[in-house]
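K.L.:
Got a structure for you, questions after.
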Number of protein chains: 2
Amino acid sequence: MEELKVFLSENEIPTHWYNIMADMPNLPKPPLHPGTGQPVTPDDLKPIFPMGLIMQEASLDRWIEIPDEVRELYRLWRPAPLHRAGYLEKALDTPARIFYKYEGVSPAGSHKLNTALAQVYYNKKEGIKRLATETGAGQWGTALAQACNFFGLECVVYMVRVSYQQKPYRRSIIEIFGGSVYASPSERTQTGRRVLAENPDTPGSLGLAISEAVEEAAGREDTNYSLGSVLNHVLLHQTVIGLEAKEQMAKTGFYPDVVIGCVGGGSNFGGFAFPFAYDKITKGAKVRLVAVEPTACPTLTRGMHTYDFGDVAGFTPILNMYTLGSGFIPPGIHAGGLRYHGNSPLLSQLVVDKIVEARALDQTSVFKGAIQFARCEGIVPAPESAHAIQQAITEAIEAREAGEARTILFNLSGHGHLDLAAYDNYLSGNLIDYPLPEEDLQGALSNLPKVPV
Amino acid sequence: MEELKVFLSENEIPTHWYNIMADMPNLPKPPLHPGTGQPVTPDDLKPIFPMGLIMQEASLDRWIEIPDEVRELYRLWRPAPLHRAGYLEKALDTPARIFYKYEGVSPAGSHKLNTALAQVYYNKKEGIKRLATETGAGQWGTALAQACNFFGLECVVYMVRVSYQQKPYRRSIIEIFGGSVYASPSERTQTGRRVLAENPDTPGSLGLAISEAVEEAAGREDTNYSLGSVLNHVLLHQTVIGLEAKEQMAKTGFYPDVVIGCVGGGSNFGGFAFPFAYDKITKGAKVRLVAVEPTACPTLTRGMHTYDFGDVAGFTPILNMYTLGSGFIPPGIHAGGLRYHGNSPLLSQLVVDKIVEARALDQTSVFKGAIQFARCEGIVPAPESAHAIQQAITEAIEAREAGEARTILFNLSGHGHLDLAAYDNYLSGNLIDYPLPEEDLQGALSNLPKVPV
């Protein structure tokens with residue numbers, strides 16, 4: 001009997017991360033300094049990042065060795081299982097074979113721990129004692145707190161105030177792992193105090209929380225800043241997902257016709273799809289790579305590929321990426337992890353070069369797919385991951401209509417155990433969609449930073 | 001390098017459940033009819049249970065085959081992994097080897113699905129279309145709703161009103177799987193209406209919710225009742241846990257010196273420990289079996305071994321078991337699944353016969369152990385399961401003091417993702433212990449039912 005789950009042994013955990021910059025037909029243009037408009041230098045980044053990560057950010061080496069200390073901790077839950085979604089296939093009456101990689105088995109409940117452990121390791125190696133970060137939906141704050149706990153660093157998390165109030169369980173789990181959580185804006189930073197003085201009742205925003213975390217990191221010698229997506233080194237660390245998935249697919253005897261992941265800043269998609277992009281770029285593999293985002297925040301499908309800030313306040317380097325405009329505030333959809341105006345420069349370039357396709361989905365259709373998946377396969381997915389599920393369902397239906405036994409592979413990047421209020425909302429019929437009006441998009445894109453050509 | 005996790009392949013899922021009644025030195029006395037005081041007959045149970053389960057309840061066959069349909073669904077997550085708690089060992093500086101079986105990977109998040117699938121299967125086979133049950137902490141309601149969903153049955157869950165209000169996520173997950181949840185007492189039953197008329201603001205109780213579920217099952221031809229612990233057939237189905245754990249321990253090359261599980265009604269402990277009890281009874285294996293309960297509800301350590309009702313209202317058969325008195329209402333500790341006045345008759349008899357030892361722990365010490373475990377191993381345990389963890393920590397410290405490399409094995413019966421409010425309570429210093437006062441115990445035990453000798 002064919003097994004529904006494919007496991008690897010711990011000594012099959014990849015020994016190296018895959019760096020797609022070695023193989024891309026075109027690299028993104030370099031990040032620019034927000035003050036000077038000139039390409040950023042390693043020295044510009046040193047106040048908030050360790051040199052180990054700064055070097056990875058710019059490296060063109062194809063394979064970068066995973067440090068033993070990180071690989072050792074990966075063994076707590078990795079290799080993550082690959083599942084055959086046999087019950088979903090039956091429910092859809094499709095000849096397609098549907099496989100999914102399940103990253104929700106991580107202690108943090110999502111893929112985020114893959115990079116959190118690596119980032120904390122390099123910071124610790126360079127003598128850093130504390131890390132500051134922001135969190136919106138809470139997945140990233142949870143993962144960084146866990147990673148800091150494992151390596152004995154302090155962790156300070158600025159949590160967008162509205163999330164802090166609406167998601168008390170997310171705060172709890174960060175505290176279980178010894179992290180300190182502050183509602184942002186807070187009284188701890190100049191930025192926070194200024195905003196609170198002007199507007200004591202502000203719900204906060206991710207852009208503001210980033211500003212507070214960066215301010216704390218820049219102002220203290222023992223403290224660095226840590227980011228959970230978008231940057232090259234973050235996507236690099238996530239390639240353990242795709243590398244394992246390739247090994248596992250090889251054991252099933254099938255190679256995917258289509259590889260699907262959801263996209264916020266691009267790290268779970270990049271980490272999952274880039275090892276398959278390697279096959280496509282260097283060996284001509286006929287695999288489609290599909291990035292799925294919400295219609296409420298359609299960065300890749302309707303944004304502009306240009307230079308823009310990574311945050312609202314304009315503190316970060318200016319990145320060459322797809323963007324909706326750094327002033328764009330996405331509506332309050334439940335997939336909080338996908339509410340980002342910009343995107344990974346690497347992923348953006350691959351979309352420009354037609355190596356990756358992008359799709360946007362309404363959240364009501366996403367929750368419909370999530371419930372169908374949960375009832376077939378038993379796992380309640382995170383709303384973010386459910387975007388990949390719904391696209392996989394669409395692909396499986398298309399395969400049925402074409403009468404083709406296609407192989408579909410998607411990344412189930414996290415579980416939804418702390419997102420059940422969103423399901424309540426859907427099941428009670430209170431969920432609505434927020435397709436982005438064209439005039440709002442044009443407005444948001446009218447304020448891009450001026451950069452030298 | 002030794003692997004931290006031991007997996008089995010899906011074709012190593014046990015083919016049979018183990019029935020300890022075939023090997024017990026003494027069987028519990030038979031259950032009695034609550035009206036007549038005479039031993040219950042299969043016919044007495046037919047209005048609410050299918051014959052397949054009634055026969056298992058009384059079977060003396062050592063091995064009972066797992067139906068293919070149930071085993072097929074076990075493959076969604078089974079075999080559950082066995083982990084070596086290497087980081088916890090280091091933190092405790094102990095020569096002991098600590099292993100744990102992790103049942104939290106189940107779609108329901110706990111071991112409860114092992115029996116839920118079996119119970120739904122036998123009910124479906126006999127033409128039943130709906131199942132009614134009660135749930136307190138919510139684990140059982142979740143599991144039964146999932147199992148009904150997989151087999152296409154309706155599921156009606158009476159959820160103790162205070163839990164219904166305090167744990168909205170538990171209600172959500174039951175509804176995601178298509179179950180209907182009603183706060184108990186409800187207007188749906190005579191019992192519920194009577195109680196509401198007398199006391200509209202009652203918080204409800206497990207005993208009352210049982211009464212409502214039994215009333216619904218007894219009153220409808222298409223509906224049966226389902227119980228998540230205590231009964232012989234429930235413990236039988238849970239033996240997949242211990243049978244897998246034995247295979248996995250054999251792969252590690254170690255045999256446990258001590259096997260530990262938490263106890264509410266006894267199903268996760270029995271399912272985990274009985275296959276090792278088999279070795280102890282039939283082969284003289286020198287393994288200690290330790291059942292851990294809360295000091296707030298110390299059934300096995302301070303209760304009386306006698307005949308008592310399984311519920312508060314006195315609707316159920318009278319069982320030969322350890323009890324604190326069926327009128328005993330345990331205080332509101334966070335391990336809601338361990339708040340039961342009675343215990344499995346099989347487990348109770350094994351305690352009488354000194355094959356199983358019992359321990360009681362305060363909840364503050366249990367949460368201390370839970371946090372230590374989470375920080376070492378990454379998994380946030382259910383408060384119930386944390387009782388087993390804290391006992392394992394104690395055993396590991398004793399091994400260190402004795403200078404002995406003992407092998408400790410415990411069952412991590414579920415994750416705590418939906419119990420984070422309890423952790424908040426502990427971390428904020430608001431958790432207190434409720435050791436049972438002797439006079440309360442004597443009071444509760446003064447009202448046992450009169451039964452023929």
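Every chain in the structure tokens takes a letter, A first, then B, and so on in the order presented; its residues are numbered from 1, and the ligands are numbered from 1 following the presented order.
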Run DSSP on the backbone and give me the residues of range 229-374 of chain A it puts in strand (DSSP E), as a short mmCIF file (atom, residue, chain, number, x, y, z; two decimals) with C-alpha atoms, in the first residue's frame.

P.N.:
```cif
data_model
loop_
_atom_site.label_atom_id
_atom_site.label_comp_id
_atom_site.auth_asym_id
_atom_site.auth_seq_id
_atom_site.Cartn_x
_atom_site.Cartn_y
_atom_site.Cartn_z
CA VAL A 258 2.97 22.82 -10.75
CA VAL A 259 4.44 24.13 -7.47
CA ILE A 260 2.23 26.48 -5.43
CA GLY A 261 2.83 28.72 -2.43
CA CYS A 262 1.22 31.77 -0.85
CA ARG A 288 5.00 25.90 -13.38
CA LEU A 289 5.70 27.97 -10.25
CA VAL A 290 2.58 29.75 -8.99
CA ALA A 291 2.67 32.45 -6.30
CA VAL A 292 -0.72 33.19 -4.71
CA GLU A 293 -1.65 36.45 -3.02
CA PRO A 294 -4.87 38.09 -1.78
CA MET A 304 4.41 48.14 -10.16
CA HIS A 305 7.95 46.74 -10.50
CA THR A 306 10.09 49.66 -9.38
CA TYR A 307 12.08 51.04 -6.42
CA ASP A 308 10.21 51.56 -3.13
CA PHE A 309 10.69 51.64 0.63
CA ILE A 318 14.89 51.28 -1.03
CA LEU A 319 14.25 47.96 -2.73
CA ASN A 320 13.80 47.00 -6.36
CA MET A 321 10.54 45.07 -6.21
CA TYR A 322 6.85 44.82 -6.99
CA THR A 323 5.00 47.28 -4.77
CA GLU A 357 3.42 33.16 -12.32
CA ALA A 358 1.25 35.09 -9.88
CA ARG A 359 -2.45 34.71 -9.02
CA ALA A 360 -4.69 36.69 -6.65
CA LEU A 361 -7.64 35.16 -4.75
#
```

K.L.:
Chain A residues within 6 Å of chain B, counting only C-alpha atoms: which ones, as a CSV table (one decimal) with N, CA and C atoms, in the first residue's frame?

P.N.:
```
chain,number,residue,atom,x,y,z
A,107,PRO,N,7.8,23.7,15.8
A,107,PRO,CA,7.3,24.2,17.1
A,107,PRO,C,6.6,25.5,17.0
A,169,TYR,N,-3.6,35.1,22.4
A,169,TYR,CA,-2.9,33.8,22.4
A,169,TYR,C,-1.5,33.9,21.8
A,172,SER,N,0.7,35.3,24.3
A,172,SER,CA,1.0,34.2,25.3
A,172,SER,C,2.1,33.3,24.8
A,177,PHE,N,7.9,31.3,25.5
A,177,PHE,CA,9.2,31.1,25.1
A,177,PHE,C,10.2,32.2,25.5
A,375,ARG,N,-11.8,19.3,6.1
A,375,ARG,CA,-12.7,18.2,6.3
A,375,ARG,C,-12.2,17.0,5.6
A,378,GLY,N,-8.0,16.8,7.5
A,378,GLY,CA,-8.0,16.9,9.0
A,378,GLY,C,-7.2,18.0,9.5
A,379,ILE,N,-6.4,18.7,8.7
A,379,ILE,CA,-5.6,19.8,9.2
A,379,ILE,C,-6.3,21.2,8.9
A,420,LEU,N,-8.6,30.7,14.7
A,420,LEU,CA,-9.9,30.1,14.6
A,420,LEU,C,-11.0,31.2,14.6
A,424,ASP,N,-14.5,31.4,12.4
A,424,ASP,CA,-15.8,31.7,13.0
A,424,ASP,C,-16.5,32.8,12.1
```

K.L.:
Within 8 Å of Gly266 in chain A, counting only C-alpha atoms, which residues show up once you throw out same-chain ones fewer than 5 positions away? Write them as an MDAnalysis selection string, please.

P.N.:
chainID A and resid 229:230 235 343:344 347

K.L.:
Any chance you could export the current selection's all heavy atoms as a PDB file, in the first residue's frame?

P.N.:
```
ATOM      1  N   SER A 229      10.967  38.182   6.504  1.00  0.00           N
ATOM      2  CA  SER A 229      10.680  37.868   5.100  1.00  0.00           C
ATOM      3  C   SER A 229      11.413  38.850   4.203  1.00  0.00           C
ATOM      4  O   SER A 229      12.318  39.554   4.658  1.00  0.00           O
ATOM      5  CB  SER A 229       9.171  37.898   4.850  1.00  0.00           C
ATOM      6  OG  SER A 229       8.872  37.355   3.579  1.00  0.00           O
ATOM      7  N   VAL A 230      11.063  38.899   2.950  1.00  0.00           N
ATOM      8  CA  VAL A 230      11.470  39.895   1.948  1.00  0.00           C
ATOM      9  C   VAL A 230      12.954  39.816   1.548  1.00  0.00           C
ATOM     10  O   VAL A 230      13.273  39.776   0.356  1.00  0.00           O
ATOM     11  CB  VAL A 230      11.143  41.334   2.419  1.00  0.00           C
ATOM     12  CG1 VAL A 230      11.590  42.364   1.384  1.00  0.00           C
ATOM     13  CG2 VAL A 230       9.651  41.495   2.698  1.00  0.00           C
ATOM     14  N   LEU A 235      14.914  34.346   2.381  1.00  0.00           N
ATOM     15  CA  LEU A 235      14.470  33.359   1.391  1.00  0.00           C
ATOM     16  C   LEU A 235      15.485  32.220   1.283  1.00  0.00           C
ATOM     17  O   LEU A 235      15.107  31.054   1.135  1.00  0.00           O
ATOM     18  CB  LEU A 235      14.238  34.020   0.026  1.00  0.00           C
ATOM     19  CG  LEU A 235      12.844  34.656  -0.158  1.00  0.00           C
ATOM     20  CD1 LEU A 235      12.649  35.877   0.732  1.00  0.00           C
ATOM     21  CD2 LEU A 235      12.566  34.995  -1.608  1.00  0.00           C
ATOM     22  N   ASN A 343       7.349  43.248  -1.850  1.00  0.00           N
ATOM     23  CA  ASN A 343       7.622  41.837  -2.036  1.00  0.00           C
ATOM     24  C   ASN A 343       9.123  41.610  -2.130  1.00  0.00           C
ATOM     25  O   ASN A 343       9.888  42.555  -2.328  1.00  0.00           O
ATOM     26  CB  ASN A 343       6.937  41.314  -3.308  1.00  0.00           C
ATOM     27  CG  ASN A 343       6.424  39.903  -3.108  1.00  0.00           C
ATOM     28  OD1 ASN A 343       7.207  39.022  -2.801  1.00  0.00           O
ATOM     29  ND2 ASN A 343       5.124  39.730  -3.212  1.00  0.00           N
ATOM     30  N   SER A 344       9.510  40.376  -1.984  1.00  0.00           N
ATOM     31  CA  SER A 344      10.918  40.021  -2.131  1.00  0.00           C
ATOM     32  C   SER A 344      11.447  40.479  -3.481  1.00  0.00           C
ATOM     33  O   SER A 344      10.845  40.190  -4.523  1.00  0.00           O
ATOM     34  CB  SER A 344      11.047  38.500  -2.027  1.00  0.00           C
ATOM     35  OG  SER A 344      12.106  38.033  -2.832  1.00  0.00           O
ATOM     36  N   LEU A 347      11.992  37.353  -5.748  1.00  0.00           N
ATOM     37  CA  LEU A 347      10.750  36.821  -6.307  1.00  0.00           C
ATOM     38  C   LEU A 347      10.183  37.781  -7.350  1.00  0.00           C
ATOM     39  O   LEU A 347       9.720  37.367  -8.420  1.00  0.00           O
ATOM     40  CB  LEU A 347       9.750  36.582  -5.177  1.00  0.00           C
ATOM     41  CG  LEU A 347       8.350  36.123  -5.590  1.00  0.00           C
ATOM     42  CD1 LEU A 347       8.407  34.878  -6.473  1.00  0.00           C
ATOM     43  CD2 LEU A 347       7.505  35.872  -4.353  1.00  0.00           C
TER      44      LEU A 347
END
```

K.L.:
So which one's closest to His387 in chain B, B:Pro317, B:Pro81, B:Pro345, B:Gly264? Using only C-alpha atoms, please.

P.N.:
B:Gly264

K.L.:
Under the rule that only C-alpha atoms are counted, which of B:Ala217, B:Leu231, B:Ala22, B:Met55 is the nearest residue to Leu346 in chain B?

P.N.:
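Checking each of B:Ala217, B:Leu231, B:Ala22, B:Met55 against Leu346 in chain B, counting only C-alpha atoms, the winner is B:Leu231.
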
K.L.:
Extract, using only C-alpha atoms, all DNA, RNA and protein residues at most 10 Å from range 210-214 of chain A, discarding same-chain residues fewer than 4 positions from it, and format them as a PyMOL selection string.

P.N.:
chain A and resi 47-48+131-136+156-160+184-193+205-206+218-219+223-227+310-316

K.L.:
If I take CA of Asp440 in chain A and CA of Pro298 in chain A, how far is one from the other in Å, to one decimal?

P.N.:
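Atom-to-atom, CA of Asp440 in chain A and CA of Pro298 in chain A are spaced 12.2 Å apart.
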
K.L.:
Report the distance between CA of Ala405 in chain B and CA of Ala273 in chain B in Å, rounded to one decimal place.

P.N.:
21.1 Å

K.L.:
Which of range 155-200 of chain A counts as alpha helix (DSSP H) under DSSP, as a list in words please?

P.N.:
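After running DSSP on the backbone, range 155-200 of chain A has alpha helix (DSSP H) at Arg161, Val162, Ser163, Tyr164, Gln165, Gln166, Pro168, Tyr169, Arg170, Arg171, Ser172, Ile173, Ile174, Glu175, Ile176, Gln190, Thr191, Gly192, Arg193, Arg194, Val195, Leu196, Ala197 and Glu198 of chain A.
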
K.L.:
Smallest atom-to-atom distance to Val356 in chain B: which of B:Ala392, B:Ala137, B:Arg220, B:Phe269, using only C-alpha atoms?

P.N.:
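Comparing B:Ala392, B:Ala137, B:Arg220, B:Phe269 against Val356 in chain B, the winner is B:Phe269.
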
K.L.:
Rank nothing, just name the residue among A:Ala118, A:Leu236, A:Ser163, A:Asp93 nearest to Ala58 in chain A, using only C-alpha atoms.

P.N.:
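Checking each of A:Ala118, A:Leu236, A:Ser163, A:Asp93 against Ala58 in chain A, counting only C-alpha atoms, the winner is A:Leu236.
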
K.L.:
Excluding Gly37 in chain B and its own-chain neighbours fewer than 2 positions away, which residues fall within 8 Å of it when counting only C-alpha atoms? Please give them as a ChimeraX atom specification.

P.N.:
/B:32-35,39,318,451-452

K.L.:
I need the chosen residues saved as a tab-separated table (two decimals), in the first residue's frame, with N, CA, C and O atoms.

P.N.:
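Wrote out.tsv, looks like this:
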```tsv
chain	number	residue	atom	x	y	z
B	32	LEU	N	-23.36	-2.27	36.91
B	32	LEU	CA	-24.73	-2.57	37.35
B	32	LEU	C	-25.72	-1.59	36.73
B	32	LEU	O	-25.39	-0.41	36.50
B	33	HIS	N	-26.90	-2.07	36.51
B	33	HIS	CA	-27.97	-1.22	35.99
B	33	HIS	C	-28.38	-0.20	37.06
B	33	HIS	O	-28.60	-0.58	38.21
B	34	PRO	N	-28.50	1.07	36.70
B	34	PRO	CA	-28.77	2.09	37.72
B	34	PRO	C	-30.17	1.94	38.33
B	34	PRO	O	-30.39	2.38	39.46
B	35	GLY	N	-31.08	1.28	37.61
B	35	GLY	CA	-32.43	1.11	38.16
B	35	GLY	C	-32.55	-0.13	39.02
B	35	GLY	O	-33.05	-0.07	40.15
B	39	PRO	N	-26.35	-6.66	37.22
B	39	PRO	CA	-25.39	-6.48	36.13
B	39	PRO	C	-26.09	-6.09	34.83
B	39	PRO	O	-27.14	-6.65	34.51
B	318	ILE	N	-23.71	1.77	37.01
B	318	ILE	CA	-22.89	1.95	38.21
B	318	ILE	C	-21.60	1.14	37.99
B	318	ILE	O	-21.65	-0.05	37.67
B	451	VAL	N	-25.79	-0.60	46.55
B	451	VAL	CA	-25.84	-1.68	45.56
B	451	VAL	C	-25.87	-3.01	46.29
B	451	VAL	O	-25.39	-3.12	47.42
B	452	PRO	N	-26.44	-4.06	45.64
B	452	PRO	CA	-26.43	-5.39	46.24
B	452	PRO	C	-24.98	-5.87	46.41
B	452	PRO	O	-24.14	-5.58	45.55
```

K.L.:
Need the shell around Leu412 in chain A: protein/DNA/RNA residues with any atom at most 6 Å away, counting only C-alpha atoms. Skip same-chain ones fewer than 3 positions apart. Format as a list in words?

P.N.:
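Once the nearby chain positions are removed, what remains is Lys101, Tyr102 and Ser385 of chain A.
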
K.L.:
Just the number, please: distance in Å from CA of Asn232 in chain B to CA of Glu12 in chain B, one decimal.

P.N.:
24.4 Å

K.L.:
Would you please work out which residue, of A:Leu196, A:Asn19, A:Leu53, A:His237, is nearest to Ile66 in chain A when using only C-alpha atoms?

P.N.:
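Among the listed residues, A:His237 lies closest to Ile66 in chain A.
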